[in-house]
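Written below as structure tokens is the structure these notes are about.
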Amino acid sequence: MWHEYINATTIEQVLDVLAERGPRARIIAGGTDLILEIENRVRTGIDTLIDITRIPDLNRIWLGDDGMVHLGPQVTHNDCAASPLVRARGLPLALASWEVGAPQIRNRSTVAGNLITASPANDTIPPLMALEARVTLRSARGERVVPLSEFYPGFRQTVMQPDEMLVDIAFPAMQANQRGAFVKLGLRRAQAISVVNAAVVLTLADGDRIERAAITLGAVTPVITHAGEAEAFLTGKRLTAENIEQAARLAQESARPIDDVRASAAYRLEMVRVCTLRGLRAILNGEERAALPENPILLRDPDPRPAAATRPGQGAVSRSSTITARVNGEQVSVAGGQHKTLLRWLREDLGLIGTKEGCAEGECGACTVFLDGQAVMSCLVPAPRAQGADIVTIEGLAQDGKLHPVQRAFIEDGAVQCGYCTPGFVMSAAMLLEERAQPSFTDLQHAITGNLCRCTGYYKILQAMQSAASLRTNAQAPV
């Protein structure tokens, strides 16, 4: 694990540390990829992590005077999925962001991190490439702008230098005559890595004549690729069912898919055709927004407590430094633990063992806690991020000796079997009720996409969540 953790307060501070330590230092924002890579020794030789979550304004999404939509390096996938600007002027990115992981993951994972990890299966790279995005890289030596199409020289490689920080992602805002879609095929409906994904952006003239086409494919080859022959075929033609069928076949013929543990090359080849077909058909039928809820469940407090980014951190900390945080309403200070994950710090240093370790990979949701008003997987959060933060665990849900409505409902409806996953489900359900007082059944389903029950007790869990919503509503109703 890391030896030093730096809570940076300015970009200049980040660049100074990167210039001094080079490849031994890494920037961390969400950390949903980096923590696993360090723990699994995929990335070695890193002894310093630089946390940028306390730097102001890095989570901004804005439309610039240059006509570009800009994303700061701290913009999360939930930020994109919920952003009116991204949904209106960069729909394929909003669609892809909604497909990433689960709510707890999307609350931490950043679009910048997704780009830098450089996996060909990452969901936000194809739409950003189809949207002709560019990234701005900054170092103590200066600044450069790189088109995303030139950002990836090979498998899991980028052109970034060890002393550079990605400070901006920008793409031309989609215009009224442009339509876009994103289609993902995974092995399950949520928390799935893409087997194949496809992004489509069409520029139309005279209603349905295609002036320009961009079709990008993910999880097919070692880097994201354009379906060039299909793009060329569509240019100048009408958007018709026949032309869509032919374009999908051309995308298939030009693909050179890979074999891996998720799918064979032969299966991927057929799915390239299917995903391209679905994306183009969605645009033809005006259904490209169908997969994106109008008001998506984010599992974060709509009126959150002041985030740690608004409070000063400790600067550079070592393994013996003290972590001070507000946990379940009480101020705690614990020496050590800086080299751990938040999950281990809560369990081993604070003795709060209600938060469970199920997979330690952000897959099962048993370790869900609230961090500054957002549900997160604590196994993917470094413990030093707790400095100055407000944390709630399962032990902190009950108030004044009374169980939370979700806890009561889980007991009364028998929503517990082996019980190991229960704390995570309860935390997700509790945050859902903070976010939405009267959730629909679909909202309930979306809220627990990041939680796994190996006893397959989902029917009772959903029943209990419905009961809890009724209990909460009845308790708040005027007498």
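Chain labels run A, B, ... following the order of the structure tokens; each chain numbers its residues from 1, and ligands are numbered from 1 in the order shown.
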| task | Write out as an MDAnalysis selection string which residues come within 12 Å of A:Leu148 when counting only C-alpha atoms, dropping same-chain ones fewer than 3 positions away. | result | chainID A and resid 112 115:116 118 124:137 145 151:153 158:160 166 168:171 223:225
Selected residues, N, CA and C atoms, written as a compact mmCIF listing (two decimals), in the first residue's frame, please.
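Once written, part-v9.txt looks like this:
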# COMPACT_ATOMS: atom_id res chain seq x y z
N ALA A 112 -12.79 11.28 -15.51
CA ALA A 112 -11.35 11.40 -15.77
C ALA A 112 -10.62 10.10 -15.43
N LEU A 115 -11.16 7.49 -18.08
CA LEU A 115 -10.33 7.71 -19.27
C LEU A 115 -8.89 7.28 -19.01
N ILE A 116 -8.36 7.63 -17.84
CA ILE A 116 -6.95 7.37 -17.54
C ILE A 116 -6.69 5.89 -17.32
N ALA A 118 -7.88 3.54 -18.93
CA ALA A 118 -7.60 3.15 -20.32
C ALA A 118 -8.00 1.73 -20.69
N THR A 124 -17.22 5.10 -20.65
CA THR A 124 -17.32 6.49 -21.08
C THR A 124 -16.34 6.87 -22.18
N ILE A 125 -15.39 6.01 -22.51
CA ILE A 125 -14.44 6.35 -23.57
C ILE A 125 -15.11 6.38 -24.95
N PRO A 126 -15.90 5.35 -25.35
CA PRO A 126 -16.51 5.39 -26.69
C PRO A 126 -17.40 6.61 -26.93
N PRO A 127 -18.31 6.99 -25.99
CA PRO A 127 -19.12 8.18 -26.29
C PRO A 127 -18.31 9.45 -26.38
N LEU A 128 -17.30 9.60 -25.52
CA LEU A 128 -16.47 10.80 -25.59
C LEU A 128 -15.66 10.83 -26.88
N MET A 129 -15.23 9.67 -27.36
CA MET A 129 -14.50 9.64 -28.62
C MET A 129 -15.44 9.96 -29.79
N ALA A 130 -16.66 9.43 -29.73
CA ALA A 130 -17.64 9.74 -30.78
C ALA A 130 -18.02 11.22 -30.76
N LEU A 131 -17.97 11.83 -29.59
CA LEU A 131 -18.28 13.26 -29.44
C LEU A 131 -17.07 14.15 -29.75
N GLU A 132 -15.96 13.53 -30.16
CA GLU A 132 -14.73 14.25 -30.51
C GLU A 132 -14.17 15.04 -29.32
N ALA A 133 -14.10 14.37 -28.19
CA ALA A 133 -13.60 15.01 -26.98
C ALA A 133 -12.10 15.22 -27.04
N ARG A 134 -11.66 16.12 -26.20
CA ARG A 134 -10.23 16.36 -26.02
C ARG A 134 -9.96 16.49 -24.53
N VAL A 135 -8.74 16.24 -24.13
CA VAL A 135 -8.36 16.38 -22.72
C VAL A 135 -7.22 17.38 -22.61
N THR A 136 -7.21 18.11 -21.50
CA THR A 136 -6.14 19.05 -21.22
C THR A 136 -5.27 18.48 -20.13
N LEU A 137 -3.98 18.37 -20.41
CA LEU A 137 -3.00 17.83 -19.47
C LEU A 137 -2.09 18.96 -19.01
N VAL A 145 -3.10 20.17 -24.99
CA VAL A 145 -4.42 19.64 -25.28
C VAL A 145 -4.27 18.46 -26.24
N PHE A 151 -5.13 9.81 -27.58
CA PHE A 151 -4.75 9.66 -26.16
C PHE A 151 -4.28 8.25 -25.83
N TYR A 152 -4.67 7.26 -26.65
CA TYR A 152 -4.39 5.86 -26.33
C TYR A 152 -3.47 5.22 -27.37
N PRO A 153 -2.17 5.10 -27.09
CA PRO A 153 -1.26 4.48 -28.05
C PRO A 153 -1.33 2.96 -28.06
N THR A 158 -1.77 5.38 -22.06
CA THR A 158 -2.12 6.74 -22.47
C THR A 158 -0.84 7.50 -22.75
N VAL A 159 -0.98 8.68 -23.34
CA VAL A 159 0.20 9.51 -23.64
C VAL A 159 0.57 10.39 -22.45
N MET A 160 -0.14 10.25 -21.33
CA MET A 160 0.18 11.07 -20.17
C MET A 160 1.57 10.75 -19.63
N LEU A 166 -4.59 15.41 -15.55
CA LEU A 166 -5.69 15.73 -16.45
C LEU A 166 -6.58 16.75 -15.74
N ASP A 168 -8.97 18.87 -17.49
CA ASP A 168 -10.21 19.22 -18.19
C ASP A 168 -10.52 18.19 -19.26
N ILE A 169 -11.81 17.87 -19.39
CA ILE A 169 -12.33 17.08 -20.49
C ILE A 169 -13.34 17.96 -21.20
N ALA A 170 -13.25 18.06 -22.51
CA ALA A 170 -14.17 18.94 -23.24
C ALA A 170 -14.59 18.29 -24.55
N PHE A 171 -15.84 18.54 -24.95
CA PHE A 171 -16.33 18.07 -26.24
C PHE A 171 -17.31 19.09 -26.80
N VAL A 223 -7.85 -1.23 -28.02
CA VAL A 223 -8.17 0.18 -27.81
C VAL A 223 -9.54 0.46 -28.45
N ILE A 224 -10.19 1.53 -28.03
CA ILE A 224 -11.47 1.91 -28.61
C ILE A 224 -11.27 2.24 -30.09
N THR A 225 -12.18 1.76 -30.93
CA THR A 225 -12.02 1.96 -32.37
C THR A 225 -13.29 2.55 -32.99
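Within the 10 Å cut-off around A:Asp260, using only C-alpha atoms and omitting residues fewer than 5 positions from it on the same chain, the listed residues are A:Val195, A:Ala219, A:Ala265.
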Just-selected residues, N, CA and C atoms written as a compact mmCIF listing (two decimals), in the first residue's frame:
# COMPACT_ATOMS: atom_id res chain seq x y z
N VAL A 195 -19.19 -6.39 -22.33
CA VAL A 195 -18.74 -7.40 -23.29
C VAL A 195 -18.50 -6.71 -24.63
N ALA A 219 -14.57 -2.54 -25.88
CA ALA A 219 -14.41 -3.93 -25.46
C ALA A 219 -14.31 -4.88 -26.64
N ALA A 265 -14.33 -14.23 -29.27
CA ALA A 265 -14.28 -13.28 -30.38
C ALA A 265 -15.48 -13.45 -31.30
| said: Just want the 8 Å neighbourhood of stretch 26-28 of chain A, counted on only C-alpha atoms, with same-chain residues fewer than 6 positions away dropped. Output as number ranges by chain. | reply: A: 14, 18, 34, 46, 48-52, 165
| field | DSSP strand (DSSP E or B) selection over stretch 191-297 of chain A, as number ranges by chain | value | A: 196-205, 209-218, 225-226, 238, 260, 263
Excluding A:Leu280 and residues on its chain fewer than 6 positions from it, collect all residues at most 12 Å away from it, counting only C-alpha atoms, and give them as an mmCIF file with C-alpha atoms, in the first residue's frame.
data_model
loop_
_atom_site.group_PDB
_atom_site.id
_atom_site.type_symbol
_atom_site.label_atom_id
_atom_site.label_comp_id
_atom_site.auth_asym_id
_atom_site.auth_seq_id
_atom_site.Cartn_x
_atom_site.Cartn_y
_atom_site.Cartn_z
ATOM 1 C CA ARG A 179 -28.606 12.713 -32.244
ATOM 2 C CA GLY A 180 -26.682 10.233 -30.153
ATOM 3 C CA ALA A 181 -27.030 6.859 -28.458
ATOM 4 C CA PHE A 182 -25.053 4.434 -26.317
ATOM 5 C CA VAL A 183 -25.630 0.683 -26.075
ATOM 6 C CA ALA A 198 -21.182 1.083 -28.927
ATOM 7 C CA ALA A 199 -21.647 4.845 -29.109
ATOM 8 C CA VAL A 200 -23.313 6.562 -32.053
ATOM 9 C CA VAL A 201 -23.428 10.266 -32.904
ATOM 10 C CA LEU A 202 -25.195 11.377 -36.093
ATOM 11 C CA ILE A 210 -26.929 11.832 -42.420
ATOM 12 C CA ALA A 213 -21.642 9.683 -38.615
ATOM 13 C CA ALA A 214 -19.472 8.556 -35.713
ATOM 14 C CA ILE A 215 -19.689 4.961 -34.456
ATOM 15 C CA ALA A 230 -20.049 1.912 -41.382
ATOM 16 C CA GLU A 231 -19.482 5.629 -40.788
ATOM 17 C CA LEU A 234 -24.008 6.205 -43.657
ATOM 18 C CA ARG A 238 -31.070 8.713 -45.249
ATOM 19 C CA LEU A 239 -31.612 7.244 -41.821
ATOM 20 C CA THR A 240 -33.731 4.282 -42.869
ATOM 21 C CA ALA A 241 -34.190 0.753 -41.571
ATOM 22 C CA GLU A 242 -32.411 -0.667 -44.628
ATOM 23 C CA ASN A 243 -29.376 1.602 -44.279
ATOM 24 C CA ILE A 244 -29.178 0.851 -40.574
ATOM 25 C CA GLU A 245 -29.084 -2.900 -41.265
ATOM 26 C CA GLN A 246 -26.270 -2.456 -43.788
ATOM 27 C CA ALA A 247 -24.286 -0.154 -41.496
ATOM 28 C CA ALA A 248 -24.519 -2.698 -38.671
ATOM 29 C CA ALA A 251 -19.439 -2.464 -38.456
ATOM 30 C CA ARG A 273 -23.624 -5.919 -35.235
ATOM 31 C CA VAL A 274 -26.388 -6.117 -32.642
ATOM 32 C CA GLY A 286 -36.567 8.493 -31.106
ATOM 33 C CA GLU A 287 -35.903 6.085 -28.228
ATOM 34 C CA GLU A 288 -32.283 6.888 -27.433
#
I need the residues of stretch 215-403 of chain A that end up classed as helix (DSSP H, G or I) by DSSP on the backbone, written out as a PDB file with C-alpha atoms, in the first residue's frame.
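Contents of part.pdb, freshly written:
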ATOM      1  CA  GLY A 228     -14.952   3.491 -40.202  1.00  0.00           C
ATOM      2  CA  GLU A 229     -16.645   1.593 -43.032  1.00  0.00           C
ATOM      3  CA  ALA A 230     -20.049   1.912 -41.382  1.00  0.00           C
ATOM      4  CA  GLU A 231     -19.482   5.629 -40.788  1.00  0.00           C
ATOM      5  CA  ALA A 232     -18.527   6.171 -44.437  1.00  0.00           C
ATOM      6  CA  PHE A 233     -21.502   4.167 -45.680  1.00  0.00           C
ATOM      7  CA  LEU A 234     -24.008   6.205 -43.657  1.00  0.00           C
ATOM      8  CA  ALA A 241     -34.190   0.753 -41.571  1.00  0.00           C
ATOM      9  CA  GLU A 242     -32.411  -0.667 -44.628  1.00  0.00           C
ATOM     10  CA  ASN A 243     -29.376   1.602 -44.279  1.00  0.00           C
ATOM     11  CA  ILE A 244     -29.178   0.851 -40.574  1.00  0.00           C
ATOM     12  CA  GLU A 245     -29.084  -2.900 -41.265  1.00  0.00           C
ATOM     13  CA  GLN A 246     -26.270  -2.456 -43.788  1.00  0.00           C
ATOM     14  CA  ALA A 247     -24.286  -0.154 -41.496  1.00  0.00           C
ATOM     15  CA  ALA A 248     -24.519  -2.698 -38.671  1.00  0.00           C
ATOM     16  CA  ARG A 249     -23.191  -5.430 -40.984  1.00  0.00           C
ATOM     17  CA  LEU A 250     -20.307  -3.188 -42.090  1.00  0.00           C
ATOM     18  CA  ALA A 251     -19.439  -2.464 -38.456  1.00  0.00           C
ATOM     19  CA  GLN A 252     -19.354  -6.210 -37.868  1.00  0.00           C
ATOM     20  CA  GLU A 253     -17.187  -6.884 -40.926  1.00  0.00           C
ATOM     21  CA  SER A 254     -14.631  -4.250 -39.955  1.00  0.00           C
ATOM     22  CA  ALA A 265     -14.277 -13.284 -30.379  1.00  0.00           C
ATOM     23  CA  ALA A 266     -17.049 -14.957 -32.383  1.00  0.00           C
ATOM     24  CA  TYR A 267     -19.712 -13.873 -29.915  1.00  0.00           C
ATOM     25  CA  ARG A 268     -18.329 -10.337 -29.805  1.00  0.00           C
ATOM     26  CA  LEU A 269     -18.376 -10.163 -33.588  1.00  0.00           C
ATOM     27  CA  GLU A 270     -22.107 -10.802 -33.664  1.00  0.00           C
ATOM     28  CA  MET A 271     -22.711  -8.438 -30.744  1.00  0.00           C
ATOM     29  CA  VAL A 272     -20.908  -5.631 -32.591  1.00  0.00           C
ATOM     30  CA  ARG A 273     -23.624  -5.919 -35.235  1.00  0.00           C
ATOM     31  CA  VAL A 274     -26.388  -6.117 -32.642  1.00  0.00           C
ATOM     32  CA  CYS A 275     -25.173  -3.156 -30.550  1.00  0.00           C
ATOM     33  CA  THR A 276     -24.637  -0.963 -33.620  1.00  0.00           C
ATOM     34  CA  LEU A 277     -28.080  -1.934 -34.882  1.00  0.00           C
ATOM     35  CA  ARG A 278     -29.718  -1.133 -31.535  1.00  0.00           C
ATOM     36  CA  GLY A 279     -28.014   2.248 -31.281  1.00  0.00           C
ATOM     37  CA  LEU A 280     -29.009   3.334 -34.763  1.00  0.00           C
ATOM     38  CA  ARG A 281     -32.554   2.009 -34.370  1.00  0.00           C
ATOM     39  CA  ALA A 282     -32.936   3.911 -31.094  1.00  0.00           C
ATOM     40  CA  ILE A 283     -32.104   7.129 -32.929  1.00  0.00           C
ATOM     41  CA  LEU A 284     -34.425   6.287 -35.829  1.00  0.00           C
ATOM     42  CA  ALA A 308     -14.812  17.423   3.225  1.00  0.00           C
ATOM     43  CA  ALA A 309     -13.720  19.512   0.244  1.00  0.00           C
ATOM     44  CA  THR A 310     -14.993  22.600   2.102  1.00  0.00           C
ATOM     45  CA  LEU A 342     -12.028   3.093   5.009  1.00  0.00           C
ATOM     46  CA  LEU A 343     -13.662  -0.316   5.502  1.00  0.00           C
ATOM     47  CA  ARG A 344     -10.707  -1.670   7.473  1.00  0.00           C
ATOM     48  CA  TRP A 345     -10.322   1.583   9.429  1.00  0.00           C
ATOM     49  CA  LEU A 346     -13.956   1.472  10.540  1.00  0.00           C
ATOM     50  CA  ARG A 347     -13.777  -2.183  11.530  1.00  0.00           C
ATOM     51  CA  GLU A 348     -10.257  -2.468  12.951  1.00  0.00           C
ATOM     52  CA  ASP A 349      -9.598   0.968  14.423  1.00  0.00           C
ATOM     53  CA  SER A 378     -15.976   1.742   1.855  1.00  0.00           C
ATOM     54  CA  CYS A 379     -13.666  -1.004   0.560  1.00  0.00           C
ATOM     55  CA  LEU A 380     -12.679   1.313  -2.315  1.00  0.00           C
ATOM     56  CA  ALA A 383      -8.968   5.705   5.066  1.00  0.00           C
ATOM     57  CA  PRO A 384      -7.224   9.119   4.925  1.00  0.00           C
ATOM     58  CA  ARG A 385     -10.185  10.397   2.900  1.00  0.00           C
ATOM     59  CA  ALA A 386     -12.078  10.252   6.202  1.00  0.00           C
ATOM     60  CA  ILE A 394     -25.152   0.899  10.043  1.00  0.00           C
ATOM     61  CA  GLU A 395     -24.555   1.489  13.774  1.00  0.00           C
ATOM     62  CA  GLY A 396     -25.524   5.150  13.351  1.00  0.00           C
TER      63      GLY A 396
END
| Nearest-residue call for A:Val42, choices A:Met1, A:Asp301, A:Val100, A:Lys184, using only C-alpha atoms | A:Met1
| request: Tell me which of A:Cys364, A:Val369, A:Leu471, A:Ile323 sits closest to A:Gln438, counting only C-alpha atoms. | output: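 With only C-alpha atoms as the atom set, the closest residue is A:Leu471.
In this comparison, which uses only C-alpha atoms, the residue of A:Arg60, A:Arg43, A:His446, A:Arg141 approaching A:Ile297 most closely is A:His446.
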| task | Find the residues near A:Arg106: any atom within 7 Å, counting only C-alpha atoms, skip ones fewer than 4 places away on the same chain, and give them as a PyMOL selection string. | result | chain A and resi 76-78+100-102
Atoms to include: N, CA and C atoms. Write the selected residues as a PDB file, in the first residue's frame.
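Full text of result_7.pdb as output:
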ATOM      1  N   THR A  76     -18.068  13.076 -11.299  1.00  0.00           N
ATOM      2  CA  THR A  76     -18.345  11.645 -11.182  1.00  0.00           C
ATOM      3  C   THR A  76     -19.348  11.198 -12.238  1.00  0.00           C
ATOM      4  N   HIS A  77     -19.505   9.882 -12.335  1.00  0.00           N
ATOM      5  CA  HIS A  77     -20.469   9.344 -13.285  1.00  0.00           C
ATOM      6  C   HIS A  77     -21.901   9.687 -12.880  1.00  0.00           C
ATOM      7  N   ASN A  78     -22.180   9.738 -11.580  1.00  0.00           N
ATOM      8  CA  ASN A  78     -23.509  10.177 -11.164  1.00  0.00           C
ATOM      9  C   ASN A  78     -23.737  11.644 -11.501  1.00  0.00           C
ATOM     10  N   VAL A 100     -22.366   2.729 -15.694  1.00  0.00           N
ATOM     11  CA  VAL A 100     -21.148   2.390 -14.947  1.00  0.00           C
ATOM     12  C   VAL A 100     -21.513   1.844 -13.570  1.00  0.00           C
ATOM     13  N   GLY A 101     -21.033   0.670 -13.240  1.00  0.00           N
ATOM     14  CA  GLY A 101     -21.137   0.127 -11.898  1.00  0.00           C
ATOM     15  C   GLY A 101     -22.520   0.180 -11.300  1.00  0.00           C
ATOM     16  N   ALA A 102     -22.605   0.797 -10.113  1.00  0.00           N
ATOM     17  CA  ALA A 102     -23.836   0.919  -9.342  1.00  0.00           C
ATOM     18  C   ALA A 102     -23.808   2.274  -8.654  1.00  0.00           C
TER      19      ALA A 102
END
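Atom CA of A:Ala335 to atom CA of A:Ala389 spans 15.9 Å [interatomic distance, one decimal].
Contact shell of A:Arg472 at 12 Å (only C-alpha atoms; same-chain neighbours under 6 positions omitted): Leu403, His404, Pro405, Val406, Gln407, Arg408, Ala409, Ala429, Ala430, Leu432, Leu433, Glu434, Arg436, Ala437, Gln438, Pro439, Met465 and Gln466 of chain A.
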| request: Please identify all polymer residues within 10 Å of A:Met431, counting only C-alpha atoms, omitting same-chain residues fewer than 6 positions from it, and present them as a list in words. | output: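 Here the qualifying residues turn out to be Leu298, Leu299, Arg300, Asp301, Pro302, Val369, Phe370, Gly373, Gln374, Ala375, Val406 and Ala447 of chain A.
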C-alpha atoms of the current selection, written as a tab-separated table (two decimals), in the first residue's frame:
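Below is the file that was written, again26.tsv:
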chain	number	residue	atom	x	y	z
A	298	LEU	CA	-28.09	8.56	-7.09
A	299	LEU	CA	-28.06	7.37	-3.45
A	300	ARG	CA	-26.93	10.72	-2.17
A	301	ASP	CA	-28.54	13.20	0.16
A	302	PRO	CA	-30.23	15.96	-1.86
A	369	VAL	CA	-21.56	3.57	4.30
A	370	PHE	CA	-22.45	7.25	3.92
A	373	GLY	CA	-23.96	12.44	2.46
A	374	GLN	CA	-23.29	9.91	-0.30
A	375	ALA	CA	-23.53	6.13	-0.26
A	406	VAL	CA	-35.77	0.49	7.13
A	447	ALA	CA	-31.19	1.64	-5.39
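Distances to A:Leu58 were evaluated for A:Glu361, A:Asp259, A:Asp79, A:Asp206 using only C-alpha atoms, and the minimum falls at A:Asp79.
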| task | Quote the spacing between atom CA of A:Cys367 and atom CA of A:Asn40 in Å to one decimal place. | result | 18.8 Å
